[in-house]
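Student: Before I ask anything, here is the structure I am working with.
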Amino acid sequence: MNRKTTVLPDRIVGLLFVVPFVVLAAVFMVYPVIEAIRMAFLSYNPLRPDLTTFVALANFAFIFEDPLFWDSFGQATVWTVLSIVFQTVFGVGIALLLHQALAGIAIFRGLLLFPYIVPTVVIALIWRWIFNPEIGVVNHALLAAGLIQTPIYWLSTPEMAMASTIMLNVWKYTPFVVICVLARLQTVPLELYDAAKVDGAGIIRRFLDVTLPQLKEVLIVVIVFRTIWTFNKFEEIYLLTKGGPGTSTFNLAVYSFEQSIASLRLGVGAATGVVMMVMLFLGSVIYLRVSGFGADEKSS
Amino acid sequence: MIRERLGPIVLRLALYASLTAITFLVCFPLIWALTTSLKPKAEIFAVPPTLWPQAITLENYAALLSGKSQYFQAEGQAAIGTSPAKFFMRWFANSAIVTFGSTLISITVATLAAYSLTRFRYWGQRFVPYFSLLGYMIPSIIFVFPLFLMMVRIGLTDSLWSLILGYVCVTLPFCMWLMWAFMRSIPIEIEEAALIDGASRLQVFSQVVLPSALPGIIAAGIFSMIVSWNDYLFGRVFMNSLDNLTLTVGVMLFFEGTHVDWGLLMAASVLMTVPMALVFAALQRHLVAGFGAGAVKG
């Protein structure tokens, strides 16, 4: 009863606090996404907006009949799967190393997380420099070590360009996996290891039987998140290879960008975006299921 | 795994050795960029490459900071008027302005809204976290063009405001998500006690809630700054005059000549990385608060 008197003016403060968010979200987030969906059903040339016409599903028909769309889809899948596998394996490995109680571990931790904050533009520039076929340090090192006889054309053959973009992606985002796994490792009860030791389990057994089950949840969450983001990445590919050589490193984001900017088919680009959103939505549903987000909400 | 009683020194040395090797591999691209930027023109193309510059020079940095590209002058190129080095400091300032502006807006709006959502009850509040989560999963490529057309309509193209608002729309969802998760974890009892003692809601917010929410605000701020500073796509689509570009878009123009000045490019790369590296080094421990609350953007 007593609360009621203070709650009324309070309510107004509370509502005022949320107004800026609602306005910004409506104008700059909801509206653009709705526009993006609407555009997918239009033939829209940004230079001749007066010629805009409703084309129903023609844009979707266009992309589904376009071999380049399917190539992009396939390449994006290869790119995503390989990136995620390497990121997860390296990420867990590095996190286990960083979890050791060693003097000076904080320095290693700081340095190993650093790639995460380096701008993609900078990484792409550095990659082009160190993987330069004639003057790049990587080819020099490999030639000097006798591992290769002729320079590798890192960015100008389809397979190597794909490998280079995967390396870039793994380099930049492994720290993400490290941070998440490290945070989880710190909460694993030590008694579990002691018990395993008493049972005579060696290091490998203890990893498989104690650590890995404890990491299962965080790994699922990380893998789902990273898969969604990696599949839709634009800059990591575009800045390094522009989707090339040819179209060999196109993914759906680059395809959408090129359709919109180079071919001025904003409708086709938007339709690609809608396809990406549908897949992303499915991914999010999986995430919400495995993370138990809804259940958590009820208890609070 | 083997936390307590690491046992033999050999194991410890092996751990240090593998950590050092991995750290070197991870940091090598950055080290190489730094040394390249300090080498004189001739040494950059030396065969075999020198790991550490034989003669350290700051000419690349001087060229960027003073806006004069020595390379172009030395080669007698006519392209001096459009030499990207000329605009470097301008781009740097633009990036700083949009990063600071968008971060300030995002964290202010998110903090206020998160407080409201976790302390009051009204229709629709349940959806905001879901909405935010979905919002920060959606890749920028999907809404960059609709947003651009909207900026055209309200006459903001080629203005730094368009980028500030654009970055707000990228960073706000995950700032919101992070602040919401963080605010939820702040116990409500102290606030209630202060309210009963006669403090107004605004007093409680500024004197009780804000200080305890600070780690979350800092984490949201770091993520938001990193995303805005590192973005390429929005800058590329929204801006068109050389004066108004941000660093990421501007520096990519260094490639549009007949030859690439690698020393200059690597110096630009180093200067672009330094601000975020400083922020990261200063606030690194707060990042854990963000990752703990489950809000990350990648």
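How things are named: the first chain in the structure tokens is A, the next is B, and so on; residues count from 1 in each chain; ligands count from 1 in the order shown.
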Taking 4 positions as the minimum chain separation for residues in the same chain, which residues sit within 10 Å of Tyr61 of chain B when counting only C-alpha atoms? Answer as a ChimeraX atom specification.
Tutor: /B:37-38,57,65-67,69,85,263-268,270-271
Student: Once you count only C-alpha atoms, which residues of chain B turn out to be within 7 Å of chain A? Could you give them as a PyMOL selection string?
Tutor: chain B and resi 3+23+26+29+33+45+49+109-110+112-113+116+120+138-139+141-143+146-147+169+201+226+230+248+269+273+276+291+298
Student: What lies within 7 Å of Pro173 of chain B using only C-alpha atoms, ignoring chain neighbours under 3 positions off, as a PDB file with N, CA and C atoms, in the first residue's frame?
Tutor:
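After the write, out14.pdb holds the following:
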ATOM      1  N   SER B 132      17.017  -7.082 -28.572  1.00  0.00           N
ATOM      2  CA  SER B 132      18.416  -6.666 -28.599  1.00  0.00           C
ATOM      3  C   SER B 132      19.306  -7.789 -29.099  1.00  0.00           C
ATOM      4  N   LEU B 133      19.038  -8.993 -28.598  1.00  0.00           N
ATOM      5  CA  LEU B 133      19.849 -10.137 -29.013  1.00  0.00           C
ATOM      6  C   LEU B 133      19.762 -10.321 -30.525  1.00  0.00           C
ATOM      7  N   GLY B 135      18.881  -8.088 -32.633  1.00  0.00           N
ATOM      8  CA  GLY B 135      19.455  -6.898 -33.248  1.00  0.00           C
ATOM      9  C   GLY B 135      20.957  -6.989 -33.406  1.00  0.00           C
ATOM     10  N   TYR B 136      21.618  -7.575 -32.414  1.00  0.00           N
ATOM     11  CA  TYR B 136      23.064  -7.583 -32.597  1.00  0.00           C
ATOM     12  C   TYR B 136      23.581  -8.823 -33.323  1.00  0.00           C
ATOM     13  N   VAL B 170      24.315  -0.009 -34.808  1.00  0.00           N
ATOM     14  CA  VAL B 170      25.050  -1.270 -34.706  1.00  0.00           C
ATOM     15  C   VAL B 170      25.377  -1.597 -33.248  1.00  0.00           C
ATOM     16  N   MET B 176      22.716  -2.559 -25.051  1.00  0.00           N
ATOM     17  CA  MET B 176      21.443  -2.771 -24.354  1.00  0.00           C
ATOM     18  C   MET B 176      21.437  -4.139 -23.671  1.00  0.00           C
ATOM     19  N   TRP B 177      21.814  -5.149 -24.424  1.00  0.00           N
ATOM     20  CA  TRP B 177      21.859  -6.516 -23.909  1.00  0.00           C
ATOM     21  C   TRP B 177      22.796  -6.609 -22.721  1.00  0.00           C
TER      22      TRP B 177
END
Student: Step one, run DSSP on the backbone; step two, keep only residues of segment 129-284 of chain B assigned to helix (DSSP H, G or I); then write them as a PyMOL selection string.
Tutor: chain B and resi 129-137+140-153+160-185+189-196+201-230+233-238+242-244+247-256+262-284
